[in-house]
Amino acid sequence: MSWERTYFTPTEENVFSFFVIFGDFGNEVNISGSKYNFDGLPENTDIVKYHDGASPEYRDGFKSGYLWNELCEEDSDLANAVNSAPSCMVIRTEIPDQKSLDYLRNLVGLVTYFLDDGGVCVYEPQRFKWWHPKEWRTNVFLAAEPKPFQHTQILVSEQENGQLWYHTRGLRLFARSDISVHDVTGATASSVIKMINRFIVYQVLGGVIENGKRINMAGLPSSMWCEHRGDLDDDDFNNKHVEVHWE
């Protein structure tokens with residue numbers, strides 16, 4: 001079954017995916033198409049195994065920084081399983097914008113195959129997410145259709161002026177820009193979150209936010225508008241983004 005993008009408008013952007021599966025894997029890949037909803041690798045997909053004999057420093061580089069420390073604090077059992085894993089499989093894809101999400105369905109099936117072949121954890125850096133195998137299978141693999149919010153995340157940061165900055169990560173997986181809204185107050189936060197969620201779904205399903213687009217949504221001022229900003233080297237997103245201005 002194809003995962004169609006209802007609002008697809010072609011762009012010149014690239015889909016970029018990056019998944020890391022930690023575990024102890026065999027040397028052969030023999031994936032069942034029917035079991036894993038898999039009908040072939042997307043073009044330009046690299047699968048590389050890193051272990052003690054092949055760039056262990058690259059494998060261990062994922063186990064550092066804020067996200068790793070957070071995992072160690074919140075789920076020590078999963079962190080210990082990752083620490084004990086002798087290898088990791090890195091799946092990296094970069095392809096032109098796609099009119100369907102079949103590439104994602106295939107990647108999800110491939111990741112799940114590696115979980116069943118000795119994997120103990122999936123790391124999705126673009127989404128800032130460490131997946132427990134059961135959580136991945138339940139929330140991602142068993143879904144009969146694409147789930148936009150499983151591969152994207154809304155983050156919130158406090159600004160120096162005491163107001164909040166809401167911003168997303170993960171939309172590069174869909175060849176779309178992430179979303180950024182500064183100067184959010186407590187009174188507008190719930191409406192801003194609803195707006196961002198609508199933009200996430202719209203873009204995952206292929207829509208494109210127009211530069212200069214005005215916001216027309218209950219709970220938010222009609223003066224709000226969208227501006228295309230940034231580049232792929234922006235550390236806050238690792239992606240381009242759409243900045244939503246208040247006026």
# chains A, B, ... in the order shown; residues from 1 in each chain; ligands from 1

$ residues_around --residues "range 92-107 of chain A" --least-positions-apart "2" --cutoff "6 Å" --atoms "only C-alpha atoms" --output "PyMOL selection string"
chain A and resi 2-5+8+13-18+38+42+44-46+109-110+175

$ residues_around --residues "Ile21 in chain A" --least-positions-apart "5" --cutoff "7 Å" --atoms "only C-alpha atoms" --output "ChimeraX atom specification"
/A:88-90,119,121-123

$ atom_distance --atom1 "CA of Trp165 in chain A" --atom2 "CA of Val140 in chain A"
27.9 Å

$ closest_residue --among "A:Leu171, A:Ile154, A:Ala187, A:Val20" --to "Gly61 in chain A" --atoms "only C-alpha atoms"
A:Val20

$ atom_distance --atom1 "CA of Gln163 in chain A" --atom2 "CA of Thr185 in chain A"
5.6 Å

$ residues_around --residues "Trp136 in chain A" --least-positions-apart "2" --cutoff "10 Å" --atoms "only C-alpha atoms" --output "JSON, numbers by chain"
{"A": [108, 111, 112, 115, 121, 122, 130, 131, 132, 133, 134, 138, 139, 140, 141, 142, 150]}

$ write_last_selection --atoms "N, CA and C atoms" --output "short mmCIF file (atom, residue, chain, number, x, y, z; two decimals), in the first residue's frame"
data_model
loop_
_atom_site.label_atom_id
_atom_site.label_comp_id
_atom_site.auth_asym_id
_atom_site.auth_seq_id
_atom_site.Cartn_x
_atom_site.Cartn_y
_atom_site.Cartn_z
N VAL A 108 11.44 2.41 7.44
CA VAL A 108 10.89 1.91 8.71
C VAL A 108 10.95 0.39 8.75
N VAL A 111 14.67 -0.63 9.28
CA VAL A 111 15.08 -0.42 10.67
C VAL A 111 14.51 -1.51 11.57
N THR A 112 13.25 -1.85 11.35
CA THR A 112 12.60 -2.89 12.17
C THR A 112 13.25 -4.25 11.95
N LEU A 115 16.24 -4.35 14.06
CA LEU A 115 15.86 -4.57 15.46
C LEU A 115 15.62 -6.06 15.72
N CYS A 121 18.17 -0.84 20.21
CA CYS A 121 17.73 0.55 20.31
C CYS A 121 17.86 1.22 18.94
N VAL A 122 16.94 2.13 18.65
CA VAL A 122 17.02 2.96 17.45
C VAL A 122 17.26 4.41 17.89
N TRP A 130 15.74 8.66 21.14
CA TRP A 130 16.20 7.29 21.34
C TRP A 130 14.94 6.42 21.47
N TRP A 131 14.79 5.44 20.58
CA TRP A 131 13.60 4.60 20.57
C TRP A 131 13.87 3.26 21.25
N HIS A 132 13.07 2.93 22.25
CA HIS A 132 13.04 1.57 22.77
C HIS A 132 12.42 0.67 21.70
N PRO A 133 12.92 -0.56 21.50
CA PRO A 133 12.38 -1.42 20.43
C PRO A 133 10.87 -1.58 20.47
N LYS A 134 10.30 -1.78 21.65
CA LYS A 134 8.85 -1.96 21.75
C LYS A 134 8.13 -0.68 21.32
N THR A 138 5.57 -0.44 18.12
CA THR A 138 4.17 -0.08 18.36
C THR A 138 3.79 1.23 17.68
N ASN A 139 4.63 2.25 17.84
CA ASN A 139 4.26 3.60 17.40
C ASN A 139 4.67 3.92 15.97
N VAL A 140 5.64 3.20 15.44
CA VAL A 140 6.14 3.51 14.10
C VAL A 140 5.85 2.37 13.12
N PHE A 141 6.38 1.17 13.42
CA PHE A 141 6.30 0.08 12.44
C PHE A 141 4.87 -0.43 12.23
N LEU A 142 4.10 -0.57 13.29
CA LEU A 142 2.77 -1.16 13.17
C LEU A 142 1.73 -0.18 12.61
N GLN A 150 5.57 11.11 14.82
CA GLN A 150 6.55 10.16 15.31
C GLN A 150 7.96 10.49 14.83
#
